[in-house]
Amino acid sequence: MGAAVIVKGLKKTFNLRHSHSLKETLVWLVKGRKGDLTRKFDALHDVSFEIQPGETVALLGFNGSGKSTLLKLISGVILPDKGTVRTKGRVAGLIEVGAGFHPDLSGRENVYLNAAILGMTEQEINDKFDDIVAFSEIEQFIDTEVKFYSSGMFLRLAFAVAVHTQPDIFLVDEILAVGDEPFQKKCLAKIKQLSDEGRTLVVVSHDLDMIARICDRGVVLSDGTVQFEGPAQEAVAWLRDR
Amino acid sequence: MANSTDTYAVPGVGAGLLDVYRRRFLLKLIVRKELRVRYRGSVLGLAWSYVKPLVQYVVLFFALGIVLRVGDQIPNYALYMFSGVIVINFFTEAFSNATRSIVSNAALVKKIYLPRELFPVASVWVAAVHFLPQLVVLLAAALLNGWHPDVMQLFGALLGFVIVAVTATGLGLLAGAINVFFRDAENIVDMLMMVITWTSPVLYDWTMIRRLAAPWVLFVYQLNPITVAVELFHWAFWYPTVDRPVELPPHLLITGFVGLGMAALFLVIGQLVFRRLEGHFAQEV
């Protein structure tokens with residue numbers, strides 16, 4: 001059994017000024033490529049670590065430290081400019097709660113669409129559908145279009161779909177800032193359960209207390225590099241000292 | 001658990017169109033989503049796609065056939081033209097929507113990994129759903145004109161449909177990928193779509209090209225897979241209703257398979273370019 005996620009020498013550069021016009025690019029080419037068409041920004045450089053199967057790992061850091069970029073690289077939404085990412089098993093990346101929900105579709109249609117995007121088969125969704133709706137506690141509104149949902153209802157349904165996708169590796173970005181307190185408790189219990197089932201979890205959150213409670217290990221990022229790696233409590237303490 | 005093996009996967013690098021086939025349930029849901037969103041809040045819904053071609057046919061029949069009397073050169077002119085028009089309609093809708101498909105699904109492309117080829121392919125499916133009512137109108141019009149096709153002609157129509165679908169998928173992948181980086185692509189495609197009606201024998205017949213241009217021009221003209229598909233549709237839906245001798249292009253089935261080859265070539269090119277650019281979609285779109 002090797003690691004579930006292997007990240008090696010990752011580098012990711014973003015263009016700061018986007019040019020979507022052929023004209024600008026042609027002018028730039030004609031002028032002999034003078035100057036940079038776009039300014040560059042290194043979101044991550046030389047980031048390496050491994051995550052063992054069954055671990056719950058938090059990615060920590062202040063805004064702009066590269067956490068979300070790293071999560072996107074692990075989920076495959078973006079590709080690294082240098083270095084490699086390797087994953088073992090089914091990855092469900094939930095970069096943002098409710099991404100992939102379409103406002104004009106009903107709750108039911110969105111459950112199917114989102115679950116299929118996260119990699120479930122038709123049979124699996126049919127089997128889990130009732131559980132998903134029960135977990136979200138919005139049975140009454142399941143055939144209403146999502147655009148009429150309150151933000152709480154929306155998040156409940158999105159989270160319910162995500163935790164029922166049964167991935168081997170589960171990536172979550174700020175997902176725990178969901179709903180009222182009873183529902184949050186339920187979500188945390190569900191996450192614990194996923195972890196007890198031997199699934200690997202990678203969590204990004206600013207809720208340091210919660211991270212210290214549920215995570216085994218923390219990786220602290222700052223300015224696109226790994227600054228600290230160790231047990232979750234120590235990682236949280238390290239970040240708080242800064 | 002599906003995909004759960006001891007080998008490591010590289011996130012974000014899929015198997016292209018093969019993944020679309022593997023995840024056809026998701027494709028179905030995306031097609032359904034597109035159709036639902038298109039007809040939201042509309043009373044007639046999908047029925048609109050029956051009304052529009054019907055009106056188009058009636059206009060062609062009266063304006064060109066009876067008022068302008070174009071039908072004196074080409075018998076059953078309205079049917080001749082309509083069988084070409086629906087090919088062009090299918091192609092233009094499929095191609096231009098596929099070109100926009102990545103950008104208009106930016107919310108998904110940025111947040112979750114899924115095979116991005118799904119979006120252009122779904123656009124072509126949606127266009128095919130809209131093609132069906134037009135085909136119904138065409139069949140009704142053909143039957144009114146005493147249509148009695150043979151098996152080969154029906155096969156020709158199927159071949160024509162496949163050629164257009166494959167061409168639109170290939171070019172849609174190509175233009176859809178480029179459109180992420182240069183939004184000019186969708187305008188260029190819109191412009192091409194205006195031209196495409198005239199580069200195929202929709203409003204005129206192919207003998208005019210033969211009369212006016214050098215043989216090699218005619219050869220190049222017939223390499224266009226859309227031209228091939230239009231001629232196959234003429235052969236299937238218009239030719240069997242004509243009672244006076246008319247000249248079809250020679251070796252229609254052979255040019256049909258050449259057209260299919262061209263379409264396949266577009267598909268390969270589209271897929272290759274798409275895969276090359278796909279890695280930057282999420283950050284550029």
# chains A, B, ... in the order shown; residues from 1 in each chain; ligands from 1
>>> residues_around(residues="Leu267 of chain B", least_positions_apart="3", cutoff="12 Å", atoms="only C-alpha atoms", output="list of chain:residue names")
B:Gly16, B:Leu17, B:Glu117, B:Pro120, B:Val121, B:Ile163, B:Val164, B:Ala165, B:Val166, B:Thr167, B:Ala168, B:Thr169, B:Gly170, B:Leu171, B:Gly172, B:Leu173, B:Leu174, B:Ala175, B:Leu260, B:Gly261, B:Met262, B:Ala263, B:Ala264, B:Gly270, B:Gln271, B:Leu272, B:Val273, B:Phe274
>>> write_last_selection(atoms="N, CA and C atoms", output="short mmCIF file (atom, residue, chain, number, x, y, z; two decimals), in the first residue's frame")
data_model
loop_
_atom_site.label_atom_id
_atom_site.label_comp_id
_atom_site.auth_asym_id
_atom_site.auth_seq_id
_atom_site.Cartn_x
_atom_site.Cartn_y
_atom_site.Cartn_z
N GLY B 16 -10.10 11.56 -23.25
CA GLY B 16 -10.75 12.29 -24.32
C GLY B 16 -12.14 11.77 -24.63
N LEU B 17 -12.42 11.60 -25.92
CA LEU B 17 -13.76 11.17 -26.34
C LEU B 17 -14.13 9.81 -25.79
N GLU B 117 -14.62 17.21 -22.99
CA GLU B 117 -15.18 16.88 -24.31
C GLU B 117 -16.69 16.71 -24.23
N PRO B 120 -18.83 19.98 -25.86
CA PRO B 120 -19.08 20.04 -27.30
C PRO B 120 -19.93 18.86 -27.79
N VAL B 121 -19.67 17.67 -27.26
CA VAL B 121 -20.44 16.51 -27.71
C VAL B 121 -21.92 16.69 -27.33
N ILE B 163 -22.01 11.92 -41.12
CA ILE B 163 -20.94 12.80 -41.59
C ILE B 163 -21.05 14.18 -40.92
N VAL B 164 -22.27 14.73 -40.90
CA VAL B 164 -22.45 16.07 -40.32
C VAL B 164 -22.16 16.03 -38.82
N ALA B 165 -22.66 14.99 -38.14
CA ALA B 165 -22.46 14.92 -36.69
C ALA B 165 -20.97 14.83 -36.35
N VAL B 166 -20.25 14.00 -37.08
CA VAL B 166 -18.82 13.83 -36.80
C VAL B 166 -18.05 15.11 -37.13
N THR B 167 -18.38 15.73 -38.27
CA THR B 167 -17.70 16.97 -38.65
C THR B 167 -17.94 18.05 -37.60
N ALA B 168 -19.21 18.18 -37.16
CA ALA B 168 -19.53 19.21 -36.17
C ALA B 168 -18.82 18.94 -34.85
N THR B 169 -18.71 17.67 -34.47
CA THR B 169 -18.01 17.34 -33.23
C THR B 169 -16.54 17.72 -33.33
N GLY B 170 -15.93 17.33 -34.44
CA GLY B 170 -14.50 17.61 -34.63
C GLY B 170 -14.21 19.09 -34.65
N LEU B 171 -14.95 19.83 -35.50
CA LEU B 171 -14.72 21.27 -35.60
C LEU B 171 -15.13 21.97 -34.32
N GLY B 172 -16.18 21.44 -33.66
CA GLY B 172 -16.63 22.03 -32.40
C GLY B 172 -15.58 21.89 -31.30
N LEU B 173 -14.92 20.74 -31.25
CA LEU B 173 -13.83 20.55 -30.28
C LEU B 173 -12.73 21.56 -30.54
N LEU B 174 -12.38 21.70 -31.82
CA LEU B 174 -11.31 22.61 -32.22
C LEU B 174 -11.65 24.05 -31.85
N ALA B 175 -12.81 24.51 -32.34
CA ALA B 175 -13.18 25.92 -32.13
C ALA B 175 -13.54 26.18 -30.67
N LEU B 260 -17.00 10.99 -45.20
CA LEU B 260 -16.88 10.43 -43.86
C LEU B 260 -15.42 10.43 -43.41
N GLY B 261 -14.53 10.13 -44.37
CA GLY B 261 -13.10 10.17 -44.06
C GLY B 261 -12.66 11.57 -43.67
N MET B 262 -13.14 12.58 -44.42
CA MET B 262 -12.82 13.97 -44.10
C MET B 262 -13.33 14.32 -42.70
N ALA B 263 -14.56 13.88 -42.42
CA ALA B 263 -15.16 14.15 -41.11
C ALA B 263 -14.30 13.54 -40.00
N ALA B 264 -13.87 12.29 -40.24
CA ALA B 264 -13.03 11.61 -39.24
C ALA B 264 -11.72 12.37 -39.04
N GLY B 270 -9.50 17.89 -34.23
CA GLY B 270 -10.20 18.58 -33.14
C GLY B 270 -9.82 18.00 -31.79
N GLN B 271 -9.81 16.69 -31.69
CA GLN B 271 -9.48 16.04 -30.43
C GLN B 271 -8.04 16.34 -30.01
N LEU B 272 -7.11 16.31 -30.97
CA LEU B 272 -5.71 16.56 -30.64
C LEU B 272 -5.50 17.98 -30.12
N VAL B 273 -6.09 18.95 -30.82
CA VAL B 273 -5.93 20.35 -30.39
C VAL B 273 -6.60 20.54 -29.03
N PHE B 274 -7.79 19.96 -28.88
CA PHE B 274 -8.52 20.07 -27.63
C PHE B 274 -7.68 19.57 -26.46
#
>>> interface_residues(of="chain B", to="chain A", cutoff="10 Å", atoms="only C-alpha atoms", output="ChimeraX atom specification")
/B:1-14,23-30,32-33,36-38,40-41,105-115,179-185,278-285
>>> atom_distance(atom1="atom CA of Phe154 of chain A", atom2="atom CA of Glu181 of chain A")
15.8 Å
>>> closest_residue(among="B:Ile188, B:Val87, B:Leu64, B:Ala98", to="Leu132 of chain B", atoms="only C-alpha atoms")
B:Val87
>>> closest_residue(among="B:Asn224, B:Ser101, B:Asn187, B:Thr241", to="Phe266 of chain B", atoms="only C-alpha atoms")
B:Asn224
>>> residues_around(residues="Phe237 of chain B", least_positions_apart="2", cutoff="12 Å", atoms="only C-alpha atoms", output="PyMOL selection string")
chain B and resi 76-84+86-87+135-158+160+230-235+239-242
>>> closest_residue(among="B:Gln73, B:Arg100, B:Leu159, B:Thr92", to="Met208 of chain B", atoms="only C-alpha atoms")
B:Gln73
>>> atom_distance(atom1="atom CA of Ala232 of chain A", atom2="atom CA of Ala43 of chain A")
23.4 Å
